[in-house]
>>> print(open('structure33.cif').read())   # mmCIF, C-alpha atoms; chains and numbers go by the auth columns
data_input
#
loop_
_atom_site.group_PDB
_atom_site.id
_atom_site.type_symbol
_atom_site.label_atom_id
_atom_site.label_comp_id
_atom_site.label_asym_id
_atom_site.label_seq_id
_atom_site.Cartn_x
_atom_site.Cartn_y
_atom_site.Cartn_z
_atom_site.B_iso_or_equiv
_atom_site.auth_seq_id
_atom_site.auth_asym_id
ATOM 1 C CA MET A 1 110.855 -61.946 26.533 0.00 1 A
ATOM 2 C CA THR A 2 114.638 -62.209 26.192 0.00 2 A
ATOM 3 C CA VAL A 3 116.585 -65.396 26.780 0.00 3 A
ATOM 4 C CA LEU A 4 118.115 -63.951 29.943 0.00 4 A
ATOM 5 C CA ARG A 5 114.668 -62.987 31.260 0.00 5 A
ATOM 6 C CA LYS A 6 113.382 -66.508 30.604 0.00 6 A
ATOM 7 C CA THR A 7 116.375 -67.930 32.447 0.00 7 A
ATOM 8 C CA ALA A 8 115.705 -65.680 35.437 0.00 8 A
ATOM 9 C CA LEU A 9 112.016 -66.622 35.437 0.00 9 A
ATOM 10 C CA VAL A 10 112.703 -70.347 35.399 0.00 10 A
ATOM 11 C CA ALA A 11 115.404 -70.069 38.075 0.00 11 A
ATOM 12 C CA GLY A 12 113.131 -67.931 40.245 0.00 12 A
ATOM 13 C CA ILE A 13 110.289 -70.434 40.012 0.00 13 A
ATOM 14 C CA PHE A 14 112.653 -73.258 40.917 0.00 14 A
ATOM 15 C CA TYR A 15 113.826 -71.303 43.975 0.00 15 A
ATOM 16 C CA LEU A 16 110.258 -70.682 45.109 0.00 16 A
ATOM 17 C CA ILE A 17 109.384 -74.361 44.620 0.00 17 A
ATOM 18 C CA THR A 18 112.116 -75.299 47.112 0.00 18 A
ATOM 19 C CA PHE A 19 109.946 -73.804 49.854 0.00 19 A
ATOM 20 C CA ILE A 20 107.102 -76.320 49.391 0.00 20 A
ATOM 21 C CA SER A 21 108.739 -78.609 51.942 0.00 21 A
ATOM 22 C CA ILE A 22 107.775 -76.250 54.794 0.00 22 A
ATOM 23 C CA PRO A 23 104.624 -78.321 55.571 0.00 23 A
ATOM 24 C CA THR A 24 106.869 -81.258 56.530 0.00 24 A
ATOM 25 C CA LEU A 25 107.287 -79.516 59.891 0.00 25 A
ATOM 26 C CA PHE A 26 103.684 -80.558 60.526 0.00 26 A
ATOM 27 C CA LEU A 27 103.352 -83.608 58.267 0.00 27 A
ATOM 28 C CA TYR A 28 106.156 -85.462 60.051 0.00 28 A
ATOM 29 C CA GLY A 29 104.742 -84.643 63.466 0.00 29 A
ATOM 30 C CA ASN A 30 106.986 -86.144 66.138 0.00 30 A
ATOM 31 C CA LEU A 31 108.764 -88.459 63.683 0.00 31 A
ATOM 32 C CA ARG A 32 112.142 -86.745 64.066 0.00 32 A
ATOM 33 C CA THR A 33 112.141 -87.089 67.855 0.00 33 A
ATOM 34 C CA ASP A 34 110.099 -90.270 68.446 0.00 34 A
ATOM 35 C CA GLN A 35 112.547 -93.182 68.607 0.00 35 A
ATOM 36 C CA GLY A 36 109.637 -95.638 68.762 0.00 36 A
ATOM 37 C CA PHE A 37 107.766 -94.267 65.738 0.00 37 A
ATOM 38 C CA ILE A 38 108.158 -97.546 63.852 0.00 38 A
ATOM 39 C CA THR A 39 105.990 -99.423 66.365 0.00 39 A
ATOM 40 C CA SER A 40 103.459 -96.653 66.987 0.00 40 A
ATOM 41 C CA SER A 41 99.933 -96.743 65.626 0.00 41 A
ATOM 42 C CA GLY A 42 98.385 -94.315 63.159 0.00 42 A
ATOM 43 C CA SER A 43 98.598 -93.405 59.510 0.00 43 A
ATOM 44 C CA SER A 44 101.871 -92.882 57.646 0.00 44 A
ATOM 45 C CA THR A 45 100.225 -90.766 54.953 0.00 45 A
ATOM 46 C CA GLY A 46 101.658 -87.507 56.312 0.00 46 A
ATOM 47 C CA VAL A 47 105.184 -88.903 56.211 0.00 47 A
ATOM 48 C CA LEU A 48 104.707 -90.095 52.625 0.00 48 A
ATOM 49 C CA TRP A 49 103.430 -86.690 51.523 0.00 49 A
ATOM 50 C CA GLY A 50 106.330 -85.019 53.271 0.00 50 A
ATOM 51 C CA ALA A 51 108.800 -87.335 51.540 0.00 51 A
ATOM 52 C CA PHE A 52 107.151 -86.582 48.199 0.00 52 A
ATOM 53 C CA LEU A 53 107.517 -82.834 48.786 0.00 53 A
ATOM 54 C CA GLU A 54 111.192 -83.300 49.636 0.00 54 A
ATOM 55 C CA VAL A 55 111.761 -85.136 46.355 0.00 55 A
ATOM 56 C CA ILE A 56 110.307 -82.133 44.530 0.00 56 A
ATOM 57 C CA VAL A 57 112.576 -79.828 46.532 0.00 57 A
ATOM 58 C CA ALA A 58 115.644 -81.879 45.596 0.00 58 A
ATOM 59 C CA LEU A 59 114.779 -81.757 41.900 0.00 59 A
ATOM 60 C CA ALA A 60 114.036 -78.024 42.085 0.00 60 A
ATOM 61 C CA GLY A 61 117.397 -77.443 43.769 0.00 61 A
ATOM 62 C CA ILE A 62 119.163 -79.123 40.870 0.00 62 A
ATOM 63 C CA GLY A 63 117.014 -77.028 38.555 0.00 63 A
ATOM 64 C CA THR A 64 118.290 -73.798 40.093 0.00 64 A
ATOM 65 C CA ALA A 65 121.894 -74.857 39.491 0.00 65 A
ATOM 66 C CA VAL A 66 121.328 -76.031 35.917 0.00 66 A
ATOM 67 C CA THR A 67 119.407 -72.877 35.028 0.00 67 A
ATOM 68 C CA LEU A 68 121.757 -70.329 36.593 0.00 68 A
ATOM 69 C CA PHE A 69 125.077 -71.983 35.734 0.00 69 A
ATOM 70 C CA PRO A 70 125.346 -70.565 32.169 0.00 70 A
ATOM 71 C CA VAL A 71 124.762 -67.061 33.574 0.00 71 A
ATOM 72 C CA VAL A 72 126.960 -67.053 36.671 0.00 72 A
ATOM 73 C CA LYS A 73 129.868 -68.883 35.036 0.00 73 A
ATOM 74 C CA ARG A 74 130.526 -65.674 33.093 0.00 74 A
ATOM 75 C CA GLN A 75 131.438 -64.087 36.427 0.00 75 A
ATOM 76 C CA ASN A 76 133.594 -66.913 37.799 0.00 76 A
ATOM 77 C CA GLU A 77 133.404 -70.376 36.273 0.00 77 A
ATOM 78 C CA GLY A 78 135.058 -72.095 39.232 0.00 78 A
ATOM 79 C CA MET A 79 132.607 -70.684 41.771 0.00 79 A
ATOM 80 C CA ALA A 80 129.698 -71.369 39.421 0.00 80 A
ATOM 81 C CA LEU A 81 130.781 -74.985 39.122 0.00 81 A
ATOM 82 C CA GLY A 82 131.086 -75.169 42.900 0.00 82 A
ATOM 83 C CA PHE A 83 127.536 -73.829 43.240 0.00 83 A
ATOM 84 C CA ALA A 84 126.224 -76.488 40.846 0.00 84 A
ATOM 85 C CA ALA A 85 128.131 -79.205 42.711 0.00 85 A
ATOM 86 C CA VAL A 86 126.796 -78.064 46.095 0.00 86 A
ATOM 87 C CA ARG A 87 123.214 -78.039 44.813 0.00 87 A
ATOM 88 C CA THR A 88 123.632 -81.530 43.383 0.00 88 A
ATOM 89 C CA LEU A 89 125.152 -82.803 46.630 0.00 89 A
ATOM 90 C CA GLU A 90 122.299 -81.234 48.573 0.00 90 A
ATOM 91 C CA ALA A 91 119.784 -83.069 46.373 0.00 91 A
ATOM 92 C CA ALA A 92 121.635 -86.357 46.852 0.00 92 A
ATOM 93 C CA MET A 93 121.484 -85.963 50.630 0.00 93 A
ATOM 94 C CA ILE A 94 117.775 -85.155 50.477 0.00 94 A
ATOM 95 C CA PHE A 95 117.158 -88.310 48.442 0.00 95 A
ATOM 96 C CA THR A 96 119.112 -90.313 51.023 0.00 96 A
ATOM 97 C CA GLY A 97 116.934 -88.911 53.785 0.00 97 A
ATOM 98 C CA VAL A 98 113.772 -89.656 51.826 0.00 98 A
ATOM 99 C CA LEU A 99 114.950 -93.223 51.256 0.00 99 A
ATOM 100 C CA SER A 100 115.372 -93.702 55.001 0.00 100 A
ATOM 101 C CA LEU A 101 111.816 -92.411 55.573 0.00 101 A
ATOM 102 C CA LEU A 102 110.339 -94.685 52.918 0.00 102 A
ATOM 103 C CA THR A 103 112.139 -97.640 54.482 0.00 103 A
ATOM 104 C CA LEU A 104 110.819 -96.649 57.897 0.00 104 A
ATOM 105 C CA VAL A 105 107.247 -96.394 56.611 0.00 105 A
ATOM 106 C CA HIS A 106 107.504 -99.737 54.814 0.00 106 A
ATOM 107 C CA LEU A 107 108.715 -101.484 57.960 0.00 107 A
ATOM 108 C CA ARG A 108 106.097 -99.717 60.068 0.00 108 A
ATOM 109 C CA GLN A 109 103.311 -100.899 57.784 0.00 109 A
ATOM 110 C CA GLY A 110 104.617 -104.442 58.047 0.00 110 A
ATOM 111 C CA VAL A 111 104.565 -104.386 61.827 0.00 111 A
ATOM 112 C CA GLY A 112 100.773 -104.510 61.896 0.00 112 A
ATOM 113 C CA THR A 113 100.575 -107.651 59.752 0.00 113 A
ATOM 114 C CA ALA A 114 103.627 -109.611 60.878 0.00 114 A
ATOM 115 C CA THR A 115 103.871 -111.762 63.981 0.00 115 A
ATOM 116 C CA GLY A 116 106.806 -112.828 66.075 0.00 116 A
ATOM 117 C CA LEU A 117 108.775 -109.654 65.433 0.00 117 A
ATOM 118 C CA ASP A 118 111.305 -108.568 68.017 0.00 118 A
ATOM 119 C CA HIS A 119 110.044 -105.269 69.389 0.00 119 A
ATOM 120 C CA ALA A 120 113.454 -104.118 70.629 0.00 120 A
ATOM 121 C CA SER A 121 115.083 -104.786 67.242 0.00 121 A
ATOM 122 C CA LEU A 122 112.339 -102.886 65.464 0.00 122 A
ATOM 123 C CA VAL A 123 112.759 -99.887 67.749 0.00 123 A
ATOM 124 C CA THR A 124 116.525 -99.936 67.169 0.00 124 A
ATOM 125 C CA THR A 125 116.055 -100.148 63.398 0.00 125 A
ATOM 126 C CA GLY A 126 113.475 -97.360 63.429 0.00 126 A
ATOM 127 C CA ALA A 127 115.687 -95.135 65.575 0.00 127 A
ATOM 128 C CA SER A 128 118.589 -95.744 63.185 0.00 128 A
ATOM 129 C CA LEU A 129 116.503 -94.733 60.164 0.00 129 A
ATOM 130 C CA VAL A 130 115.303 -91.595 61.946 0.00 130 A
ATOM 131 C CA SER A 131 118.912 -90.773 62.845 0.00 131 A
ATOM 132 C CA VAL A 132 119.924 -91.163 59.186 0.00 132 A
ATOM 133 C CA TYR A 133 117.190 -88.730 58.184 0.00 133 A
ATOM 134 C CA ASN A 134 118.210 -86.232 60.867 0.00 134 A
ATOM 135 C CA GLY A 135 121.824 -86.469 59.731 0.00 135 A
ATOM 136 C CA THR A 136 120.998 -85.875 56.086 0.00 136 A
ATOM 137 C CA LEU A 137 118.764 -82.980 57.134 0.00 137 A
ATOM 138 C CA LEU A 138 121.585 -81.393 59.122 0.00 138 A
ATOM 139 C CA LEU A 139 124.166 -81.708 56.360 0.00 139 A
ATOM 140 C CA GLY A 140 121.983 -81.585 53.259 0.00 140 A
ATOM 141 C CA GLN A 141 119.305 -79.021 54.018 0.00 141 A
ATOM 142 C CA THR A 142 121.197 -76.970 56.593 0.00 142 A
ATOM 143 C CA LEU A 143 124.900 -76.943 55.767 0.00 143 A
ATOM 144 C CA MET A 144 124.681 -77.151 51.959 0.00 144 A
ATOM 145 C CA PRO A 145 122.444 -74.041 51.639 0.00 145 A
ATOM 146 C CA CYS A 146 125.179 -72.152 53.528 0.00 146 A
ATOM 147 C CA MET A 147 127.752 -73.184 50.941 0.00 147 A
ATOM 148 C CA SER A 148 125.319 -72.230 48.187 0.00 148 A
ATOM 149 C CA ALA A 149 124.719 -68.835 49.783 0.00 149 A
ATOM 150 C CA ILE A 150 128.459 -68.152 49.984 0.00 150 A
ATOM 151 C CA LEU A 151 129.181 -69.186 46.384 0.00 151 A
ATOM 152 C CA LEU A 152 126.124 -67.827 44.577 0.00 152 A
ATOM 153 C CA GLY A 153 125.786 -64.885 46.952 0.00 153 A
ATOM 154 C CA THR A 154 129.348 -63.791 46.201 0.00 154 A
ATOM 155 C CA LEU A 155 128.751 -64.056 42.450 0.00 155 A
ATOM 156 C CA MET A 156 125.500 -62.117 42.650 0.00 156 A
ATOM 157 C CA TYR A 157 126.989 -59.470 44.932 0.00 157 A
ATOM 158 C CA ARG A 158 130.023 -58.827 42.738 0.00 158 A
ATOM 159 C CA SER A 159 128.123 -58.875 39.443 0.00 159 A
ATOM 160 C CA ARG A 160 125.145 -56.807 40.654 0.00 160 A
ATOM 161 C CA LEU A 161 122.837 -59.124 38.707 0.00 161 A
ATOM 162 C CA VAL A 162 120.354 -58.530 41.534 0.00 162 A
ATOM 163 C CA PRO A 163 120.241 -55.773 44.178 0.00 163 A
ATOM 164 C CA ARG A 164 123.146 -56.228 46.560 0.00 164 A
ATOM 165 C CA ALA A 165 120.863 -56.329 49.589 0.00 165 A
ATOM 166 C CA ILE A 166 119.574 -59.742 48.477 0.00 166 A
ATOM 167 C CA PRO A 167 122.885 -61.666 48.351 0.00 167 A
ATOM 168 C CA LEU A 168 124.066 -59.724 51.410 0.00 168 A
ATOM 169 C CA MET A 169 121.411 -61.541 53.460 0.00 169 A
ATOM 170 C CA GLY A 170 122.897 -64.848 52.382 0.00 170 A
ATOM 171 C CA LEU A 171 126.482 -63.753 52.972 0.00 171 A
ATOM 172 C CA ILE A 172 125.629 -62.569 56.485 0.00 172 A
ATOM 173 C CA GLY A 173 123.357 -65.493 57.284 0.00 173 A
ATOM 174 C CA ALA A 174 125.667 -68.260 56.061 0.00 174 A
ATOM 175 C CA PRO A 175 128.281 -67.912 58.854 0.00 175 A
ATOM 176 C CA LEU A 176 125.493 -67.821 61.453 0.00 176 A
ATOM 177 C CA LEU A 177 123.922 -71.004 60.130 0.00 177 A
ATOM 178 C CA ILE A 178 127.299 -72.722 59.748 0.00 178 A
ATOM 179 C CA THR A 179 128.021 -71.952 63.402 0.00 179 A
ATOM 180 C CA SER A 180 124.648 -73.359 64.412 0.00 180 A
ATOM 181 C CA THR A 181 125.185 -76.463 62.279 0.00 181 A
ATOM 182 C CA ILE A 182 128.614 -77.149 63.790 0.00 182 A
ATOM 183 C CA ALA A 183 127.169 -76.683 67.284 0.00 183 A
ATOM 184 C CA ALA A 184 124.392 -79.170 66.511 0.00 184 A
ATOM 185 C CA PHE A 185 126.908 -81.552 64.900 0.00 185 A
ATOM 186 C CA PHE A 186 128.934 -81.749 68.115 0.00 186 A
ATOM 187 C CA GLY A 187 125.852 -81.815 70.346 0.00 187 A
ATOM 188 C CA VAL A 188 126.371 -78.382 71.844 0.00 188 A
ATOM 189 C CA ILE A 189 122.790 -77.441 70.947 0.00 189 A
ATOM 190 C CA PRO A 190 119.823 -79.605 69.864 0.00 190 A
ATOM 191 C CA GLN A 191 119.297 -79.904 66.130 0.00 191 A
ATOM 192 C CA LEU A 192 115.832 -78.440 66.676 0.00 192 A
ATOM 193 C CA SER A 193 116.229 -75.348 68.834 0.00 193 A
ATOM 194 C CA ALA A 194 115.375 -71.657 68.957 0.00 194 A
ATOM 195 C CA TRP A 195 118.978 -70.810 68.037 0.00 195 A
ATOM 196 C CA SER A 196 118.942 -73.038 64.941 0.00 196 A
ATOM 197 C CA ALA A 197 115.627 -71.520 63.864 0.00 197 A
ATOM 198 C CA ILE A 198 116.969 -67.975 64.223 0.00 198 A
ATOM 199 C CA ALA A 199 120.202 -68.879 62.414 0.00 199 A
ATOM 200 C CA THR A 200 118.225 -70.387 59.521 0.00 200 A
ATOM 201 C CA LEU A 201 116.123 -67.280 58.910 0.00 201 A
ATOM 202 C CA PRO A 202 118.624 -65.040 57.009 0.00 202 A
ATOM 203 C CA VAL A 203 119.587 -67.810 54.550 0.00 203 A
ATOM 204 C CA ALA A 204 115.929 -68.681 54.034 0.00 204 A
ATOM 205 C CA LEU A 205 115.136 -65.003 53.386 0.00 205 A
ATOM 206 C CA TRP A 206 118.038 -64.803 50.912 0.00 206 A
ATOM 207 C CA GLU A 207 116.751 -67.734 48.859 0.00 207 A
ATOM 208 C CA PHE A 208 113.117 -66.587 49.022 0.00 208 A
ATOM 209 C CA SER A 209 113.999 -63.003 48.086 0.00 209 A
ATOM 210 C CA LEU A 210 116.193 -64.215 45.235 0.00 210 A
ATOM 211 C CA GLY A 211 113.363 -66.397 43.959 0.00 211 A
ATOM 212 C CA LEU A 212 110.896 -63.517 44.045 0.00 212 A
ATOM 213 C CA TRP A 213 113.289 -61.092 42.360 0.00 213 A
ATOM 214 C CA LEU A 214 114.253 -63.492 39.578 0.00 214 A
ATOM 215 C CA THR A 215 110.615 -64.401 38.977 0.00 215 A
ATOM 216 C CA PHE A 216 109.152 -60.921 38.850 0.00 216 A
ATOM 217 C CA GLN A 217 112.102 -58.669 37.990 0.00 217 A
ATOM 218 C CA GLY A 218 114.725 -60.795 36.260 0.00 218 A
#
>>> encode(input="structure33.cif", output="structure tokens")
Amino acid sequence: MTVLRKTALVAGIFYLITFISIPTLFLYGNLRTDQGFITSSGSSTGVLWGAFLEVIVALAGIGTAVTLFPVVKRQNEGMALGFAAVRTLEAAMIFTGVLSLLTLVHLRQGVGTATGLDHASLVTTGASLVSVYNGTLLLGQTLMPCMSAILLGTLMYRSRLVPRAIPLMGLIGAPLLITSTIAAFFGVIPQLSAWSAIATLPVALWEFSLGLWLTFQG
């Protein structure tokens, strides 16, 4: 196996690992929309597992940038550096969101054992932590992949390192998802909506297809 093939394999595996956070859609339940989650009853295990998966995703995202940078910088070092920076920023935002969830869970666990707590203050604090997570999700895991698709997609498309149809999905999908993100940012559409789900699909397919191709083809 050549050095370049090993690089492609590692990068492809990292890209596929970034999809392990999909179960958070179910693990978090109504966390992202329930302003009173901090005072509700029930286990927080699902939230903790979801946060753990997001940590893995953040690290895998950095792994994709570190692994591919030596290859794509031969095409355009500036864009390659931008890709690495975007991936690192995305990971930082994910970690910020995870920190807000861990804080929320910690406070929620303390509610059951503490007395004399102000219910209204707890609800406000919990809603603030949920809002922080939603904000980092919008910018970190929605907007940053668009920037990554534009930068890496352009490099892959021009260099023909992979079939052009793969980066083309990212280059077409990125403007759609950016539009959706801006609309959600200004409250034109809900952050969770049919439009946002549709707009996310092409970029998700680009990253998944790239991961499969790098893993099995190189």
>>> residues_around(input="structure33.cif", residues="Phe216 in chain A", least_positions_apart="2", cutoff="12 Å", atoms="all atoms listed in the file", output="PyMOL selection string")
chain A and resi 5-13+16+162+209-214+218
>>> atom_distance(input="structure33.cif", atom1="CA of Tyr28 in chain A", atom2="CA of Thr142 in chain A")
17.6 Å
>>> atom_distance(input="structure33.cif", atom1="CA of Gly173 in chain A", atom2="CA of Val203 in chain A")
5.2 Å
>>> residues_around(input="structure33.cif", residues="Gly153 in chain A", least_positions_apart="4", cutoff="8 Å", atoms="all atoms listed in the file", output="number ranges by chain")
A: 148-149, 157, 167-168, 170-171
>>> closest_residue(input="structure33.cif", among="A:Val132, A:Leu81, A:Val47, A:Ile198", to="Asn30 in chain A", atoms="all atoms listed in the file")
A:Val47
>>> residues_around(input="structure33.cif", residues="Val86 in chain A", least_positions_apart="3", cutoff="12 Å", atoms="only C-alpha atoms", output="PyMOL selection string")
chain A and resi 58+61-62+64-66+79-83+89-93+139-152
>>> atom_distance(input="structure33.cif", atom1="CA of Ala194 in chain A", atom2="CA of Phe19 in chain A")
20.0 Å
>>> axis_aligned_box(input="structure33.cif", around="range 56-69 of chain A", padding_each_side="5 Å", output="JSON")
{"center_x": 117.7, "center_y": -76.2, "center_z": 40.8, "size_x": 24.8, "size_y": 21.8, "size_z": 21.5}
>>> closest_residue(input="structure33.cif", among="A:Ser43, A:Leu137, A:Met169, A:Arg158", to="Gly29 in chain A", atoms="all atoms listed in the file")
A:Ser43
>>> resolve_selection(input="structure33.cif", expression="the PyMOL selection byres ((chain A and resi 125) around 12)", output="count of residues only")
26
>>> closest_residue(input="structure33.cif", among="A:Val188, A:Leu155, A:Thr215, A:Ser193", to="Gly78 in chain A", atoms="only C-alpha atoms")
A:Leu155
>>> closest_residue(input="structure33.cif", among="A:Ala183, A:Ser40, A:Pro163, A:Trp49", to="Phe26 in chain A", atoms="only C-alpha atoms")
A:Trp49
>>> closest_residue(input="structure33.cif", among="A:Ala197, A:Gly50, A:Ala84, A:Ile166", to="Thr181 in chain A", atoms="all atoms listed in the file")
A:Ala197
>>> closest_residue(input="structure33.cif", among="A:Ala51, A:Phe208, A:Thr88, A:Gly187", to="Thr18 in chain A", atoms="only C-alpha atoms")
A:Phe208
>>> resolve_selection(input="structure33.cif", expression="the PyMOL selection byres ((chain A and resi 180) around 8)", output="PDB file with C-alpha atoms, keeping the file's coordinate frame")
ATOM      1  CA  LEU A 176     125.493 -67.821  61.453  1.00  0.00           C
ATOM      2  CA  LEU A 177     123.922 -71.004  60.130  1.00  0.00           C
ATOM      3  CA  ILE A 178     127.299 -72.722  59.748  1.00  0.00           C
ATOM      4  CA  THR A 179     128.021 -71.952  63.402  1.00  0.00           C
ATOM      5  CA  THR A 181     125.185 -76.463  62.279  1.00  0.00           C
ATOM      6  CA  ILE A 182     128.614 -77.149  63.790  1.00  0.00           C
ATOM      7  CA  ALA A 183     127.169 -76.683  67.284  1.00  0.00           C
ATOM      8  CA  ALA A 184     124.392 -79.170  66.511  1.00  0.00           C
ATOM      9  CA  ILE A 189     122.790 -77.441  70.947  1.00  0.00           C
ATOM     10  CA  TRP A 195     118.978 -70.810  68.037  1.00  0.00           C
ATOM     11  CA  SER A 196     118.942 -73.038  64.941  1.00  0.00           C
ATOM     12  CA  ALA A 199     120.202 -68.879  62.414  1.00  0.00           C
TER      13      ALA A 199
END
